[in-house]
$ cat protein_3.txt   # compact mmCIF, C-alpha atoms and all ligand atoms
# COMPACT_ATOMS: atom_id res chain seq x y z
CA MET A 1 -22.58 19.12 20.87
CA PHE A 2 -23.63 16.62 18.23
CA ARG A 3 -26.93 16.02 20.08
CA ASP A 4 -27.60 19.75 20.19
CA LEU A 5 -26.95 20.12 16.51
CA ALA A 6 -29.11 17.12 15.68
CA SER A 7 -32.03 18.33 17.72
CA SER A 8 -31.87 21.88 16.40
CA ASN A 9 -32.53 21.22 12.72
CA MET A 10 -32.40 18.71 9.87
CA ASN A 11 -29.04 20.03 8.67
CA GLY A 12 -27.67 19.00 12.04
CA VAL A 13 -28.95 15.45 11.51
CA VAL A 14 -27.22 15.37 8.14
CA LEU A 15 -24.01 16.65 9.78
CA VAL A 16 -24.14 13.97 12.50
CA CYS A 17 -24.72 11.27 9.88
CA ALA A 18 -21.81 12.58 7.83
CA LEU A 19 -19.53 12.64 10.87
CA ALA A 20 -20.61 9.14 11.90
CA GLY A 21 -19.88 7.93 8.39
CA LEU A 22 -16.49 9.61 8.44
CA LEU A 23 -15.62 7.98 11.76
CA ALA A 24 -16.71 4.56 10.40
CA VAL A 25 -14.55 5.01 7.32
CA THR A 26 -11.55 6.04 9.43
CA HIS A 27 -12.04 3.05 11.68
CA ALA A 28 -12.31 0.63 8.72
CA ALA A 29 -9.12 1.98 7.18
CA ASP A 30 -7.20 1.27 10.37
CA THR A 31 -7.43 -2.45 9.68
CA LEU A 32 -7.00 -4.10 6.30
CA ARG A 33 -8.45 -7.59 5.95
CA PHE A 34 -8.39 -10.04 3.09
CA ALA A 35 -8.78 -13.76 2.40
CA ALA A 36 -6.24 -15.90 0.54
CA MET A 37 -6.34 -19.45 -0.79
CA GLY A 38 -4.87 -21.61 -3.51
CA ASP A 39 -5.61 -24.81 -5.42
CA TRP A 40 -9.33 -24.28 -5.63
CA GLY A 41 -10.85 -24.46 -9.13
CA THR A 42 -12.59 -27.84 -9.24
CA GLY A 43 -16.28 -26.93 -9.04
CA GLY A 44 -16.63 -29.74 -6.48
CA SER A 45 -18.33 -29.92 -3.09
CA THR A 46 -15.21 -29.20 -1.01
CA GLN A 47 -14.49 -26.02 -2.97
CA LYS A 48 -18.07 -24.94 -2.26
CA LYS A 49 -17.69 -25.60 1.47
CA VAL A 50 -14.54 -23.47 1.61
CA ALA A 51 -16.34 -20.79 -0.43
CA LYS A 52 -19.15 -20.68 2.14
CA SER A 53 -16.70 -20.45 5.05
CA MET A 54 -14.73 -17.71 3.28
CA GLY A 55 -17.89 -15.76 2.47
CA ASP A 56 -18.95 -15.88 6.13
CA TRP A 57 -15.54 -14.66 7.33
CA MET A 58 -15.39 -11.88 4.75
CA ALA A 59 -18.88 -10.72 5.78
CA LYS A 60 -18.20 -10.88 9.51
CA TYR A 61 -14.85 -9.08 9.36
CA LYS A 62 -15.57 -6.85 6.37
CA GLY A 63 -12.77 -8.26 4.23
CA GLU A 64 -11.77 -5.94 1.40
CA PHE A 65 -10.47 -8.32 -1.25
CA ILE A 66 -9.40 -11.87 -2.07
CA VAL A 67 -5.98 -13.15 -3.12
CA THR A 68 -5.73 -16.41 -5.05
CA LEU A 69 -2.57 -18.48 -4.77
CA GLY A 70 -2.85 -20.28 -8.10
CA ASP A 71 -4.22 -23.47 -9.64
CA ASN A 72 -7.36 -21.50 -10.30
CA PHE A 73 -8.81 -23.96 -12.81
CA TYR A 74 -8.15 -27.69 -12.85
CA ASN A 75 -6.89 -29.44 -14.76
CA ASP A 76 -5.52 -27.26 -17.57
CA GLY A 77 -6.42 -23.63 -16.81
CA ALA A 78 -8.93 -21.74 -18.95
CA ASN A 79 -9.22 -22.45 -22.70
CA SER A 80 -10.41 -18.95 -23.62
CA VAL A 81 -12.09 -15.91 -22.05
CA LYS A 82 -15.39 -17.63 -22.84
CA ASP A 83 -14.47 -20.83 -21.02
CA PRO A 84 -17.53 -21.81 -18.89
CA GLN A 85 -15.16 -22.58 -16.01
CA PHE A 86 -15.10 -18.85 -15.16
CA ASP A 87 -18.78 -19.27 -14.26
CA LYS A 88 -18.90 -22.85 -12.99
CA LYS A 89 -15.77 -22.78 -10.86
CA TRP A 90 -15.64 -19.12 -9.85
CA LYS A 91 -18.73 -16.90 -10.22
CA ASP A 92 -21.27 -19.66 -9.43
CA VAL A 93 -19.26 -20.91 -6.45
CA TYR A 94 -18.26 -17.68 -4.66
CA THR A 95 -21.77 -16.26 -4.60
CA ALA A 96 -21.78 -14.58 -1.16
CA ARG A 97 -22.24 -10.84 -1.29
CA SER A 98 -19.06 -10.43 0.76
CA LEU A 99 -17.07 -12.11 -2.03
CA GLN A 100 -18.22 -9.74 -4.77
CA LYS A 101 -14.98 -7.82 -4.32
CA THR A 102 -11.79 -7.61 -6.33
CA TRP A 103 -9.97 -10.93 -6.68
CA TYR A 104 -6.22 -10.45 -7.05
CA ILE A 105 -5.17 -13.49 -9.03
CA THR A 106 -1.88 -15.36 -9.10
CA LEU A 107 -1.24 -18.18 -11.55
CA GLY A 108 -0.39 -21.79 -10.68
CA ASN A 109 1.27 -24.53 -12.72
CA HIS A 110 -2.12 -25.90 -13.83
CA ASP A 111 -3.12 -22.47 -15.14
CA HIS A 112 -0.09 -22.61 -17.44
CA HIS A 113 -1.06 -25.94 -19.05
CA ARG A 114 -1.47 -25.75 -22.85
CA ASP A 115 -0.19 -22.16 -22.78
CA ASN A 116 -3.53 -21.17 -21.21
CA ALA A 117 -2.33 -18.55 -18.69
CA LYS A 118 -2.90 -15.76 -21.23
CA ASN A 119 -6.65 -16.49 -21.15
CA GLU A 120 -6.87 -15.77 -17.42
CA VAL A 121 -4.99 -12.51 -18.06
CA ALA A 122 -7.38 -11.59 -20.90
CA TYR A 123 -10.41 -12.34 -18.68
CA SER A 124 -9.44 -9.28 -16.59
CA LYS A 125 -10.91 -7.21 -19.40
CA VAL A 126 -14.16 -9.21 -19.34
CA ASN A 127 -14.77 -9.01 -15.59
CA SER A 128 -13.12 -6.24 -13.59
CA ARG A 129 -13.38 -8.22 -10.34
CA TRP A 130 -10.84 -10.68 -11.81
CA TYR A 131 -7.60 -8.68 -11.44
CA LEU A 132 -4.72 -10.12 -13.44
CA PRO A 133 -3.43 -7.38 -15.76
CA THR A 134 -0.22 -9.29 -16.52
CA ASN A 135 1.26 -12.61 -15.38
CA TYR A 136 2.92 -10.80 -12.45
CA TYR A 137 2.20 -7.37 -11.02
CA SER A 138 2.13 -5.31 -7.84
CA ILE A 139 -0.56 -3.34 -6.04
CA THR A 140 -0.46 -0.90 -3.14
CA LYS A 141 -3.03 -0.64 -0.34
CA LYS A 142 -3.33 1.67 2.66
CA VAL A 143 -3.86 0.77 6.28
CA GLY A 144 -4.29 3.80 8.52
CA ARG A 145 -1.39 6.07 7.60
CA LYS A 146 0.78 3.20 6.37
CA SER A 147 1.19 1.71 2.91
CA VAL A 148 1.31 -1.97 1.98
CA LEU A 149 3.00 -3.24 -1.17
CA PHE A 150 1.75 -6.56 -2.53
CA ILE A 151 4.00 -8.31 -5.04
CA MET A 152 2.10 -10.98 -6.95
CA MET A 153 4.50 -13.37 -8.64
CA ASP A 154 4.10 -15.95 -11.38
CA THR A 155 6.21 -18.68 -9.82
CA THR A 156 5.81 -21.34 -12.53
CA PRO A 157 8.29 -19.77 -14.99
CA LEU A 158 10.47 -18.85 -12.00
CA SER A 159 10.58 -22.47 -10.87
CA ARG A 160 10.94 -24.00 -14.32
CA ARG A 161 13.50 -21.74 -15.95
CA ARG A 162 14.65 -19.21 -13.37
CA ASP A 163 12.84 -16.46 -15.28
CA ARG A 164 15.55 -13.77 -15.05
CA ARG A 165 13.31 -11.01 -16.34
CA GLN A 166 10.76 -11.59 -13.58
CA LEU A 167 13.50 -11.89 -10.96
CA ASP A 168 14.86 -8.50 -12.03
CA TRP A 169 11.35 -7.06 -11.85
CA ILE A 170 10.83 -8.46 -8.33
CA LYS A 171 14.17 -7.01 -7.26
CA SER A 172 13.38 -3.56 -8.65
CA GLN A 173 9.94 -3.58 -6.99
CA LEU A 174 11.54 -4.33 -3.64
CA GLN A 175 14.50 -2.00 -4.11
CA ASN A 176 12.41 1.00 -5.12
CA SER A 177 9.59 0.51 -2.65
CA LYS A 178 9.04 2.97 0.16
CA ALA A 179 6.07 0.97 1.45
CA ASP A 180 5.81 0.45 5.18
CA TRP A 181 4.76 -3.20 4.81
CA ILE A 182 5.59 -5.68 2.05
CA ILE A 183 3.62 -8.88 1.41
CA MET A 184 4.35 -11.29 -1.44
CA ALA A 185 2.13 -13.97 -2.97
CA GLY A 186 2.68 -16.74 -5.51
CA HIS A 187 1.96 -20.40 -6.16
CA HIS A 188 5.14 -22.32 -5.34
CA PRO A 189 6.25 -22.26 -1.70
CA VAL A 190 9.78 -21.30 -0.69
CA PHE A 191 9.83 -24.16 1.81
CA SER A 192 7.19 -26.80 2.39
CA THR A 193 7.06 -30.17 4.08
CA GLY A 194 3.99 -31.08 2.01
CA SER A 195 3.99 -33.58 -0.86
CA HIS A 196 5.45 -31.23 -3.51
CA GLY A 197 7.98 -29.76 -1.10
CA SER A 198 10.22 -26.72 -1.44
CA SER A 199 11.12 -24.87 -4.63
CA SER A 200 14.83 -24.39 -5.37
CA THR A 201 14.44 -21.12 -7.33
CA MET A 202 12.32 -19.75 -4.55
CA TYR A 203 14.86 -20.45 -1.80
CA ARG A 204 17.94 -19.65 -3.90
CA ASP A 205 16.78 -16.55 -5.75
CA VAL A 206 13.70 -15.11 -4.04
CA LEU A 207 14.20 -15.84 -0.32
CA PRO A 208 17.39 -13.70 -0.11
CA LEU A 209 15.42 -10.77 -1.56
CA MET A 210 12.57 -11.35 0.90
CA GLU A 211 15.07 -11.23 3.75
CA LYS A 212 17.05 -8.25 2.42
CA TYR A 213 13.96 -6.10 1.91
CA LYS A 214 12.18 -7.40 5.01
CA VAL A 215 9.08 -8.87 3.45
CA ALA A 216 6.68 -9.63 6.30
CA LEU A 217 4.74 -12.50 4.72
CA TYR A 218 4.90 -14.82 1.74
CA LEU A 219 1.64 -16.56 0.83
CA ALA A 220 1.85 -19.65 -1.41
CA GLY A 221 -0.22 -22.67 -2.41
CA HIS A 222 0.66 -25.72 -4.55
CA ASP A 223 0.71 -28.21 -1.66
CA HIS A 224 -2.87 -29.08 -0.74
CA ASN A 225 -2.56 -28.39 2.95
CA TYR A 226 -1.76 -25.49 5.18
CA GLU A 227 1.58 -24.84 6.81
CA HIS A 228 3.35 -22.06 8.68
CA LEU A 229 7.15 -21.97 8.51
CA ARG A 230 9.93 -19.64 9.61
CA VAL A 231 13.59 -19.39 8.66
CA SER A 232 15.63 -19.10 11.85
CA ARG A 233 19.07 -18.66 10.24
CA THR A 234 18.66 -15.65 7.99
CA LEU A 235 21.38 -14.28 5.71
CA SER A 236 22.02 -11.36 8.03
CA GLY A 237 21.96 -13.64 11.06
CA LYS A 238 19.01 -11.73 12.43
CA SER A 239 15.87 -13.21 13.92
CA PRO A 240 13.14 -14.54 11.55
CA ILE A 241 12.03 -11.94 9.01
CA THR A 242 9.57 -13.43 6.54
CA ASP A 243 6.79 -15.73 7.70
CA LEU A 244 6.13 -18.41 5.08
CA VAL A 245 2.58 -19.62 4.65
CA VAL A 246 1.24 -22.41 2.45
CA GLN A 247 -2.51 -22.43 1.95
CA GLY A 248 -3.44 -24.84 -0.84
CA GLY A 249 -6.65 -26.07 0.73
CA GLY A 250 -9.09 -24.16 -1.47
CA GLY A 251 -10.90 -27.25 -2.77
CA LYS A 252 -8.67 -29.70 -4.61
CA SER A 253 -8.04 -33.10 -2.96
CA ARG A 254 -6.22 -33.02 0.37
CA ARG A 255 -2.74 -34.48 0.51
CA THR A 256 -1.64 -36.09 3.73
CA THR A 257 1.68 -37.38 2.37
CA ARG A 258 4.79 -35.37 3.23
CA GLY A 259 7.62 -34.51 0.88
CA THR A 260 11.36 -34.25 1.31
CA ARG A 261 12.31 -31.89 -1.53
CA GLY A 262 14.62 -29.19 -0.24
CA LYS A 263 15.08 -30.87 3.12
CA GLU A 264 18.84 -30.21 3.20
CA GLN A 265 18.22 -26.54 2.49
CA MET A 266 15.63 -26.43 5.23
CA THR A 267 18.19 -27.76 7.68
CA LYS A 268 20.81 -25.30 6.40
CA HIS A 269 18.44 -22.35 6.88
CA GLY A 270 17.14 -23.65 10.21
CA VAL A 271 13.58 -23.74 8.93
CA LYS A 272 10.98 -24.58 11.51
CA SER A 273 7.50 -25.76 10.61
CA TYR A 274 5.15 -24.51 13.31
CA LYS A 275 1.95 -26.04 12.01
CA PHE A 276 1.01 -28.44 9.23
CA ASP A 277 -2.39 -29.93 8.49
CA ALA A 278 -3.80 -31.52 5.36
CA ALA A 279 -7.06 -29.64 5.70
CA TYR A 280 -9.36 -27.59 3.50
CA GLY A 281 -9.64 -23.91 4.16
CA PHE A 282 -8.29 -20.42 3.53
CA CYS A 283 -6.24 -17.74 5.28
CA GLY A 284 -7.86 -14.74 6.90
CA VAL A 285 -5.23 -11.98 6.98
CA GLU A 286 -5.56 -8.85 9.10
CA LEU A 287 -3.17 -5.93 9.02
CA THR A 288 -2.94 -2.83 11.21
CA GLU A 289 -0.30 -0.11 11.11
CA THR A 290 1.91 -2.17 13.41
CA ARG A 291 0.71 -5.79 13.45
CA LEU A 292 -0.03 -8.63 11.05
CA TYR A 293 -2.38 -11.44 12.02
CA VAL A 294 -2.81 -14.63 9.97
CA LYS A 295 -5.53 -17.18 10.68
CA PHE A 296 -5.98 -20.61 9.10
CA ILE A 297 -9.74 -21.11 8.87
CA ASP A 298 -11.22 -24.47 7.87
CA GLU A 299 -14.24 -25.23 5.69
CA LYS A 300 -16.49 -25.20 8.74
CA GLY A 301 -15.39 -21.71 9.77
CA ARG A 302 -13.21 -22.84 12.66
CA THR A 303 -9.89 -21.12 13.29
CA ALA A 304 -7.44 -24.01 13.27
CA TYR A 305 -4.29 -21.98 13.86
CA SER A 306 -3.16 -18.37 13.99
CA PHE A 307 -0.06 -16.27 14.45
CA LYS A 308 0.81 -12.61 14.66
CA LYS A 309 3.91 -10.55 14.05
CA SER A 310 5.21 -7.00 13.99
CA ASN A 311 6.59 -5.26 10.93
CA PRO A 312 10.19 -6.32 10.12
CA ARG A 313 10.71 -3.09 8.09
CA LYS A 314 10.39 -0.96 11.22
FE FE B 1 0.12 -26.49 -8.14

$ encode --input "protein_3.txt" --output "structure tokens" --more "lines below"
Ligand SMILES: [Fe+2]
Amino acid sequence: MFRDLASSNMNGVVLVCALAGLLAVTHAADTLRFAAMGDWGTGGSTQKKVAKSMGDWMAKYKGEFIVTLGDNFYNDGANSVKDPQFDKKWKDVYTARSLQKTWYITLGNHDHHRDNAKNEVAYSKVNSRWYLPTNYYSITKKVGRKSVLFIMMDTTPLSRRRDRRQLDWIKSQLQNSKADWIIMAGHHPVFSTGSHGSSSTMYRDVLPLMEKYKVALYLAGHDHNYEHLRVSRTLSGKSPITDLVVQGGGGKSRRTTRGTRGKEQMTKHGVKSYKFDAAYGFCGVELTETRLYVKFIDEKGRTAYSFKKSNPRK
């Protein structure tokens, strides 16, 4: 029928093009893809290699946005909205066309140095691709007919002083959400066998919420490696709910040393580390209505590790 319409007149050609476009849009919306990485803002050669690899992946798979996992500018965050680091360590590094998308920012401990976090928030008004309206926030995306809630935390005040106000906000976001999928992101890992190790506020205060509200994935940075962990003994005694990912290989120096912080808690929760490597890279995340795929991709574009899961909220 389409061929007949197309051959009959120019309006038919327009109609076919419009339908083809509509089909393409529908297809794209059935899969949501994004890249995530932390510990990146050095302006050095390794950051640039990861940037190239990430740009290639985003172009090949039509990634829609980027999530940063903190430590955006070493060593002390950004001094003002006019700090040249926004150019030298961000705009001039992530130059690929595929990376000219919205960057959903989370803050790391280095971004908080000298009370500088407010400057990264203010920069949102200078460049709309830098999305950080407040220190912590949430966004909602669609995949097919399903909705995805992203909760972007500011884990430095959580870790340092058990920021009650933010904890209440996180709880209300989770409690009130009707989203089909929930993904959380922040800087400090819940559990990590890397050099910094686990974060007590994260496993005492945030992990129970992740389990209760069936958060599918928590993306963190801080340790300069990648790691995939799962809690086998959940509060409800059910099978693993939240997959914990550390991806702090965005460009800062690699750390091969392992840490022991939180080891007793890891034993208590039956935490298993499935993969650890002190490598540079980023996460390529792919979501459909029913499945989540996470890939660890190195600075040469090689997939070093991947896992998939179904939605724990269903
Ligand atoms: Fe950090």

$ residues_near_ligand --input "protein_3.txt" --ligand "ligand FE 1 (chain B)" --cutoff "8 Å" --atoms "only C-alpha atoms and all ligand atoms" --output "list in words"
Asp39, Gly70, Asp71, Gly108, Asn109, His110, His187, His188, Gly221, His222 and Asp223 of chain A

$ closest_residue --input "protein_3.txt" --among "A:Lys308, A:Lys300, A:Lys62, A:Arg291" --to "Lys48 in chain A" --atoms "all atoms listed in the file"
A:Lys300

$ residues_around --input "protein_3.txt" --residues "Ser195 in chain A" --least-positions-apart "3" --cutoff "8 Å" --atoms "all atoms listed in the file" --output "list in words"
Asp223, Arg255, Thr256, Thr257, Arg258, Gly259 and Thr260 of chain A

$ residues_around --input "protein_3.txt" --residues "Val190 in chain A" --least-positions-apart "4" --cutoff "10 Å" --atoms "only C-alpha atoms" --output "mmCIF file with C-alpha atoms, in the frame of the given file"
data_model
loop_
_atom_site.group_PDB
_atom_site.id
_atom_site.type_symbol
_atom_site.label_atom_id
_atom_site.label_comp_id
_atom_site.auth_asym_id
_atom_site.auth_seq_id
_atom_site.Cartn_x
_atom_site.Cartn_y
_atom_site.Cartn_z
ATOM 1 C CA GLY A 186 2.680 -16.740 -5.510
ATOM 2 C CA GLY A 197 7.980 -29.760 -1.100
ATOM 3 C CA SER A 198 10.220 -26.720 -1.440
ATOM 4 C CA SER A 199 11.120 -24.870 -4.630
ATOM 5 C CA SER A 200 14.830 -24.390 -5.370
ATOM 6 C CA THR A 201 14.440 -21.120 -7.330
ATOM 7 C CA MET A 202 12.320 -19.750 -4.550
ATOM 8 C CA TYR A 203 14.860 -20.450 -1.800
ATOM 9 C CA ARG A 204 17.940 -19.650 -3.900
ATOM 10 C CA ASP A 205 16.780 -16.550 -5.750
ATOM 11 C CA VAL A 206 13.700 -15.110 -4.040
ATOM 12 C CA LEU A 207 14.200 -15.840 -0.320
ATOM 13 C CA TYR A 218 4.900 -14.820 1.740
ATOM 14 C CA LEU A 219 1.640 -16.560 0.830
ATOM 15 C CA ALA A 220 1.850 -19.650 -1.410
ATOM 16 C CA LEU A 229 7.150 -21.970 8.510
ATOM 17 C CA LEU A 244 6.130 -18.410 5.080
ATOM 18 C CA VAL A 245 2.580 -19.620 4.650
ATOM 19 C CA VAL A 246 1.240 -22.410 2.450
ATOM 20 C CA GLY A 262 14.620 -29.190 -0.240
ATOM 21 C CA MET A 266 15.630 -26.430 5.230
#

$ residues_around --input "protein_3.txt" --residues "range 129-138 of chain A" --least-positions-apart "5" --cutoff "8 Å" --atoms "all atoms listed in the file" --output "VMD selection string"
chain A and resid 100 to 107 117 to 118 120 to 124 149 to 154 166

$ closest_residue --input "protein_3.txt" --among "A:Arg164, A:Arg145, A:Lys52, A:His112" --to "Ser98 in chain A" --atoms "all atoms listed in the file"
A:Lys52

$ residues_around --input "protein_3.txt" --residues "Thr267 in chain A" --least-positions-apart "5" --cutoff "12 Å" --atoms "all atoms listed in the file" --output "list in words"
Phe191, Thr193, Arg230, Val231, Ser232, Arg233, Thr260, Arg261, Gly262, Lys272 and Ser273 of chain A

$ atom_distance --input "protein_3.txt" --atom1 "CA of Gln175 in chain A" --atom2 "CA of His269 in chain A"
23.5 Å

$ closest_residue --input "protein_3.txt" --among "A:Val148, A:Ile139, A:Val67, A:Ala59" --to "Leu287 in chain A" --atoms "all atoms listed in the file"
A:Val148

$ atom_distance --input "protein_3.txt" --atom1 "CA of Ser306 in chain A" --atom2 "CA of Thr140 in chain A"
24.6 Å

$ atom_distance --input "protein_3.txt" --atom1 "CA of Ser192 in chain A" --atom2 "CA of His224 in chain A"
10.8 Å

$ closest_residue --input "protein_3.txt" --among "A:Arg254, A:Ala36, A:Lys142, A:Val215" --to "Gln173 in chain A" --atoms "all atoms listed in the file"
A:Val215
